[in-house]
Amino acid sequence: MTLEHLYKKLEDFSDFNDEDNLIPFIETVEEIVSYKDPSCFPIIMRYFDDETDYDWIMQSMIHALESFPDDVYVKTFMLLIPFMWNHAPNWLLILICRILNNISCLNSFKKNISLISTDTMKKILDLVAQEFECHKKLCAKLKKSL
C-alpha cells in the first residue's frame, strides 16, 4: 500500500465522533510510520488537536513519531514548529517538553535550534518555562544560546 493511500485512509478515519474510527486511525498512523519516511510528519501532525476528547490518540501519534531516529524526529519536528504553534500550541508544548526530557533529542534540538526564528523560539521557550517549572533553567540556558 502506498503512503498516499494510507494518507487517504487516515483522513477517512479522522472523524473521532465515530468511535469505530479511533483504533483504525491509530493503526493507520503506525502503518504510515513503519515506512520510516519523515515526509509523513506534516500529514500526521495536522491531526493534533488541542480540543480533542481523545488525548490518548494524540499520545499515540507522539509515540509513533518518536519511533524515528532521534535526529530525524527532532529536525523534522522543528521544521513544523511554526505550523504547530498556530495549529495545536498545547500539543506543541508537550512535544517540546518530551524532547527536552531526552538527552539525545535535547542534543539534536540544540543542534537544530537555528531552524526556527529567534523570536519564535524565545516565545516558545518562555511558554515552556512558564508551563513546566522543571524546564525553567534549561529554557533560560537555551535562550542565551540563541
# chains A, B, ... in the order shown; residues from 1 in each chain; ligands from 1
>>> select_by_dssp(residues="chain A", states="alpha helix (DSSP H)", output="ChimeraX atom specification")
/A:3-12,22-33,41-45,55-65,70-79,81-87,89-100,103-112,118-131,136-144
>>> write_last_selection(atoms="C-alpha atoms", output="mmCIF file, in the first residue's frame")
data_model
loop_
_atom_site.group_PDB
_atom_site.id
_atom_site.type_symbol
_atom_site.label_atom_id
_atom_site.label_comp_id
_atom_site.auth_asym_id
_atom_site.auth_seq_id
_atom_site.Cartn_x
_atom_site.Cartn_y
_atom_site.Cartn_z
ATOM 1 C CA LEU A 3 1.784 6.286 1.561
ATOM 2 C CA GLU A 4 -0.749 8.289 -0.451
ATOM 3 C CA HIS A 5 -3.279 5.521 0.007
ATOM 4 C CA LEU A 6 -2.518 5.399 3.723
ATOM 5 C CA TYR A 7 -2.897 9.180 3.995
ATOM 6 C CA LYS A 8 -6.341 8.821 2.441
ATOM 7 C CA LYS A 9 -7.212 6.088 4.944
ATOM 8 C CA LEU A 10 -6.001 8.338 7.759
ATOM 9 C CA GLU A 11 -8.290 11.108 6.590
ATOM 10 C CA ASP A 12 -11.180 8.653 6.298
ATOM 11 C CA LEU A 22 -10.368 5.505 16.742
ATOM 12 C CA ILE A 23 -8.405 2.257 16.583
ATOM 13 C CA PRO A 24 -8.194 2.183 12.750
ATOM 14 C CA PHE A 25 -6.854 5.755 12.846
ATOM 15 C CA ILE A 26 -4.015 4.783 15.193
ATOM 16 C CA GLU A 27 -3.313 1.585 13.273
ATOM 17 C CA THR A 28 -3.025 3.660 10.097
ATOM 18 C CA VAL A 29 -0.652 6.124 11.791
ATOM 19 C CA GLU A 30 1.512 3.193 12.859
ATOM 20 C CA GLU A 31 1.466 1.742 9.353
ATOM 21 C CA ILE A 32 2.466 5.112 7.866
ATOM 22 C CA VAL A 33 5.326 5.489 10.325
ATOM 23 C CA PHE A 41 5.293 14.298 9.705
ATOM 24 C CA PRO A 42 3.249 17.193 8.288
ATOM 25 C CA ILE A 43 0.430 14.806 7.415
ATOM 26 C CA ILE A 44 0.284 13.230 10.858
ATOM 27 C CA MET A 45 0.866 16.454 12.781
ATOM 28 C CA ASP A 55 -5.788 12.623 24.343
ATOM 29 C CA TRP A 56 -4.737 9.002 24.056
ATOM 30 C CA ILE A 57 -4.874 9.286 20.277
ATOM 31 C CA MET A 58 -2.612 12.343 20.392
ATOM 32 C CA GLN A 59 -0.256 10.451 22.716
ATOM 33 C CA SER A 60 -0.259 7.504 20.322
ATOM 34 C CA MET A 61 0.696 9.826 17.467
ATOM 35 C CA ILE A 62 3.549 11.200 19.587
ATOM 36 C CA HIS A 63 4.845 7.696 20.289
ATOM 37 C CA ALA A 64 4.624 6.825 16.603
ATOM 38 C CA LEU A 65 6.617 9.918 15.582
ATOM 39 C CA ASP A 70 16.089 10.997 17.371
ATOM 40 C CA ASP A 71 17.992 13.252 14.964
ATOM 41 C CA VAL A 72 15.426 12.712 12.187
ATOM 42 C CA TYR A 73 12.488 13.111 14.571
ATOM 43 C CA VAL A 74 13.740 16.319 16.168
ATOM 44 C CA LYS A 75 14.895 18.060 12.986
ATOM 45 C CA THR A 76 11.709 17.199 11.103
ATOM 46 C CA PHE A 77 9.571 18.224 14.076
ATOM 47 C CA MET A 78 11.421 21.519 14.430
ATOM 48 C CA LEU A 79 10.664 22.437 10.836
ATOM 49 C CA ILE A 81 7.081 24.206 14.911
ATOM 50 C CA PRO A 82 5.568 27.275 13.177
ATOM 51 C CA PHE A 83 2.658 25.154 11.954
ATOM 52 C CA MET A 84 2.122 23.572 15.382
ATOM 53 C CA TRP A 85 2.410 26.974 17.101
ATOM 54 C CA ASN A 86 -0.689 28.077 15.180
ATOM 55 C CA HIS A 87 -2.457 24.725 14.917
ATOM 56 C CA PRO A 89 0.085 25.002 20.704
ATOM 57 C CA ASN A 90 -0.695 22.828 23.726
ATOM 58 C CA TRP A 91 0.490 19.700 21.950
ATOM 59 C CA LEU A 92 3.491 21.651 20.674
ATOM 60 C CA LEU A 93 4.491 22.347 24.284
ATOM 61 C CA ILE A 94 4.082 18.694 25.201
ATOM 62 C CA LEU A 95 6.202 17.610 22.244
ATOM 63 C CA ILE A 96 8.939 20.095 23.126
ATOM 64 C CA CYS A 97 8.861 19.048 26.768
ATOM 65 C CA ARG A 98 9.315 15.420 25.734
ATOM 66 C CA ILE A 99 12.281 16.413 23.554
ATOM 67 C CA LEU A 100 13.854 18.331 26.436
ATOM 68 C CA ILE A 103 19.257 13.744 26.233
ATOM 69 C CA SER A 104 19.672 12.566 22.638
ATOM 70 C CA CYS A 105 16.659 14.596 21.496
ATOM 71 C CA LEU A 106 17.827 17.597 23.515
ATOM 72 C CA ASN A 107 21.225 17.488 21.803
ATOM 73 C CA SER A 108 19.514 17.374 18.421
ATOM 74 C CA PHE A 109 17.232 20.235 19.492
ATOM 75 C CA LYS A 110 20.288 22.339 20.395
ATOM 76 C CA LYS A 111 21.955 21.461 17.086
ATOM 77 C CA ASN A 112 18.862 22.454 15.079
ATOM 78 C CA THR A 118 14.942 33.583 17.240
ATOM 79 C CA ASP A 119 11.758 35.477 18.176
ATOM 80 C CA THR A 120 9.552 32.410 17.771
ATOM 81 C CA MET A 121 11.963 30.192 19.701
ATOM 82 C CA LYS A 122 12.186 32.725 22.550
ATOM 83 C CA LYS A 123 8.387 32.850 22.796
ATOM 84 C CA ILE A 124 8.148 29.066 22.816
ATOM 85 C CA LEU A 125 10.899 28.646 25.409
ATOM 86 C CA ASP A 126 9.272 31.306 27.605
ATOM 87 C CA LEU A 127 5.998 29.410 27.423
ATOM 88 C CA VAL A 128 7.650 26.056 28.157
ATOM 89 C CA ALA A 129 9.416 27.601 31.168
ATOM 90 C CA GLN A 130 6.131 29.097 32.371
ATOM 91 C CA GLU A 131 4.153 25.862 31.969
ATOM 92 C CA LYS A 136 12.826 26.812 33.598
ATOM 93 C CA LYS A 137 16.653 26.730 33.916
ATOM 94 C CA LEU A 138 17.132 24.743 30.729
ATOM 95 C CA CYS A 139 14.906 27.137 28.769
ATOM 96 C CA ALA A 140 16.853 30.133 30.099
ATOM 97 C CA LYS A 141 20.115 28.449 29.023
ATOM 98 C CA LEU A 142 18.706 27.643 25.569
ATOM 99 C CA LYS A 143 17.503 31.232 25.142
ATOM 100 C CA LYS A 144 21.019 32.516 25.897
#
>>> closest_residue(among="A:Asn21, A:Ser67, A:Ser14, A:Ser34", to="A:Tyr47", atoms="only C-alpha atoms")
A:Ser14
>>> atom_distance(atom1="atom CA of A:Pro38", atom2="atom CA of A:Phe68")
8.0 Å
>>> closest_residue(among="A:Ala88, A:His135, A:Leu146, A:Cys40", to="A:Ser114", atoms="only C-alpha atoms")
A:Leu146
>>> closest_residue(among="A:Thr52, A:Asn17, A:Ser39, A:Asn101", to="A:Leu80", atoms="only C-alpha atoms")
A:Ser39
>>> atom_distance(atom1="atom CA of A:Phe16", atom2="atom CA of A:Tyr54")
8.0 Å
>>> decode(residues="stretch 106-137 of chain A", atoms="N, CA and C atoms", output="PDB file, in the first residue's frame")
ATOM      1  N   LEU A 106      17.400  16.259  23.094  1.00  0.00           N
ATOM      2  CA  LEU A 106      17.827  17.597  23.515  1.00  0.00           C
ATOM      3  C   LEU A 106      19.067  18.035  22.734  1.00  0.00           C
ATOM      4  N   ASN A 107      20.021  17.142  22.574  1.00  0.00           N
ATOM      5  CA  ASN A 107      21.225  17.488  21.803  1.00  0.00           C
ATOM      6  C   ASN A 107      20.874  17.825  20.360  1.00  0.00           C
ATOM      7  N   SER A 108      19.959  17.085  19.781  1.00  0.00           N
ATOM      8  CA  SER A 108      19.514  17.374  18.421  1.00  0.00           C
ATOM      9  C   SER A 108      18.754  18.704  18.371  1.00  0.00           C
ATOM     10  N   PHE A 109      17.960  18.961  19.389  1.00  0.00           N
ATOM     11  CA  PHE A 109      17.232  20.235  19.492  1.00  0.00           C
ATOM     12  C   PHE A 109      18.222  21.394  19.505  1.00  0.00           C
ATOM     13  N   LYS A 110      19.268  21.281  20.319  1.00  0.00           N
ATOM     14  CA  LYS A 110      20.288  22.339  20.395  1.00  0.00           C
ATOM     15  C   LYS A 110      20.967  22.525  19.039  1.00  0.00           C
ATOM     16  N   LYS A 111      21.269  21.417  18.381  1.00  0.00           N
ATOM     17  CA  LYS A 111      21.955  21.461  17.086  1.00  0.00           C
ATOM     18  C   LYS A 111      21.090  22.127  16.016  1.00  0.00           C
ATOM     19  N   ASN A 112      19.777  21.965  16.119  1.00  0.00           N
ATOM     20  CA  ASN A 112      18.862  22.454  15.079  1.00  0.00           C
ATOM     21  C   ASN A 112      18.064  23.688  15.491  1.00  0.00           C
ATOM     22  N   ILE A 113      18.396  24.271  16.619  1.00  0.00           N
ATOM     23  CA  ILE A 113      17.594  25.376  17.151  1.00  0.00           C
ATOM     24  C   ILE A 113      17.547  26.563  16.185  1.00  0.00           C
ATOM     25  N   SER A 114      18.568  26.696  15.355  1.00  0.00           N
ATOM     26  CA  SER A 114      18.607  27.822  14.411  1.00  0.00           C
ATOM     27  C   SER A 114      17.611  27.665  13.255  1.00  0.00           C
ATOM     28  N   LEU A 115      16.953  26.508  13.152  1.00  0.00           N
ATOM     29  CA  LEU A 115      15.943  26.308  12.108  1.00  0.00           C
ATOM     30  C   LEU A 115      14.705  27.176  12.344  1.00  0.00           C
ATOM     31  N   ILE A 116      14.533  27.612  13.588  1.00  0.00           N
ATOM     32  CA  ILE A 116      13.366  28.407  13.968  1.00  0.00           C
ATOM     33  C   ILE A 116      13.822  29.829  14.229  1.00  0.00           C
ATOM     34  N   SER A 117      13.013  30.793  13.845  1.00  0.00           N
ATOM     35  CA  SER A 117      13.400  32.188  14.072  1.00  0.00           C
ATOM     36  C   SER A 117      13.641  32.419  15.561  1.00  0.00           C
ATOM     37  N   THR A 118      14.579  33.292  15.855  1.00  0.00           N
ATOM     38  CA  THR A 118      14.942  33.583  17.240  1.00  0.00           C
ATOM     39  C   THR A 118      13.733  34.070  18.030  1.00  0.00           C
ATOM     40  N   ASP A 119      12.935  34.960  17.460  1.00  0.00           N
ATOM     41  CA  ASP A 119      11.758  35.477  18.176  1.00  0.00           C
ATOM     42  C   ASP A 119      10.771  34.368  18.509  1.00  0.00           C
ATOM     43  N   THR A 120      10.492  33.520  17.538  1.00  0.00           N
ATOM     44  CA  THR A 120       9.552  32.410  17.771  1.00  0.00           C
ATOM     45  C   THR A 120      10.101  31.469  18.838  1.00  0.00           C
ATOM     46  N   MET A 121      11.383  31.122  18.728  1.00  0.00           N
ATOM     47  CA  MET A 121      11.963  30.192  19.701  1.00  0.00           C
ATOM     48  C   MET A 121      11.954  30.796  21.104  1.00  0.00           C
ATOM     49  N   LYS A 122      12.229  32.074  21.225  1.00  0.00           N
ATOM     50  CA  LYS A 122      12.186  32.725  22.550  1.00  0.00           C
ATOM     51  C   LYS A 122      10.780  32.653  23.139  1.00  0.00           C
ATOM     52  N   LYS A 123       9.774  32.915  22.324  1.00  0.00           N
ATOM     53  CA  LYS A 123       8.387  32.850  22.796  1.00  0.00           C
ATOM     54  C   LYS A 123       8.040  31.434  23.261  1.00  0.00           C
ATOM     55  N   ILE A 124       8.448  30.454  22.480  1.00  0.00           N
ATOM     56  CA  ILE A 124       8.148  29.066  22.816  1.00  0.00           C
ATOM     57  C   ILE A 124       8.866  28.661  24.104  1.00  0.00           C
ATOM     58  N   LEU A 125      10.144  29.004  24.207  1.00  0.00           N
ATOM     59  CA  LEU A 125      10.899  28.646  25.409  1.00  0.00           C
ATOM     60  C   LEU A 125      10.350  29.349  26.646  1.00  0.00           C
ATOM     61  N   ASP A 126       9.909  30.596  26.480  1.00  0.00           N
ATOM     62  CA  ASP A 126       9.272  31.306  27.605  1.00  0.00           C
ATOM     63  C   ASP A 126       8.011  30.569  28.055  1.00  0.00           C
ATOM     64  N   LEU A 127       7.231  30.121  27.098  1.00  0.00           N
ATOM     65  CA  LEU A 127       5.998  29.410  27.423  1.00  0.00           C
ATOM     66  C   LEU A 127       6.284  28.050  28.064  1.00  0.00           C
ATOM     67  N   VAL A 128       7.266  27.337  27.556  1.00  0.00           N
ATOM     68  CA  VAL A 128       7.650  26.056  28.157  1.00  0.00           C
ATOM     69  C   VAL A 128       8.099  26.283  29.599  1.00  0.00           C
ATOM     70  N   ALA A 129       8.928  27.296  29.816  1.00  0.00           N
ATOM     71  CA  ALA A 129       9.416  27.601  31.168  1.00  0.00           C
ATOM     72  C   ALA A 129       8.267  27.972  32.104  1.00  0.00           C
ATOM     73  N   GLN A 130       7.294  28.686  31.573  1.00  0.00           N
ATOM     74  CA  GLN A 130       6.131  29.097  32.371  1.00  0.00           C
ATOM     75  C   GLN A 130       5.252  27.891  32.725  1.00  0.00           C
ATOM     76  N   GLU A 131       5.054  27.002  31.778  1.00  0.00           N
ATOM     77  CA  GLU A 131       4.153  25.862  31.969  1.00  0.00           C
ATOM     78  C   GLU A 131       4.812  24.683  32.688  1.00  0.00           C
ATOM     79  N   PHE A 132       6.127  24.562  32.530  1.00  0.00           N
ATOM     80  CA  PHE A 132       6.848  23.409  33.088  1.00  0.00           C
ATOM     81  C   PHE A 132       8.015  23.912  33.932  1.00  0.00           C
ATOM     82  N   GLU A 133       7.765  24.078  35.207  1.00  0.00           N
ATOM     83  CA  GLU A 133       8.763  24.591  36.149  1.00  0.00           C
ATOM     84  C   GLU A 133      10.090  23.825  36.041  1.00  0.00           C
ATOM     85  N   CYS A 134      10.013  22.531  35.817  1.00  0.00           N
ATOM     86  CA  CYS A 134      11.219  21.706  35.761  1.00  0.00           C
ATOM     87  C   CYS A 134      12.146  22.088  34.607  1.00  0.00           C
ATOM     88  N   HIS A 135      11.650  22.813  33.630  1.00  0.00           N
ATOM     89  CA  HIS A 135      12.467  23.192  32.472  1.00  0.00           C
ATOM     90  C   HIS A 135      12.844  24.675  32.469  1.00  0.00           C
ATOM     91  N   LYS A 136      12.564  25.373  33.544  1.00  0.00           N
ATOM     92  CA  LYS A 136      12.826  26.812  33.598  1.00  0.00           C
ATOM     93  C   LYS A 136      14.306  27.132  33.353  1.00  0.00           C
ATOM     94  N   LYS A 137      15.204  26.459  34.066  1.00  0.00           N
ATOM     95  CA  LYS A 137      16.653  26.730  33.916  1.00  0.00           C
ATOM     96  C   LYS A 137      17.141  26.342  32.528  1.00  0.00           C
TER      97      LYS A 137
END
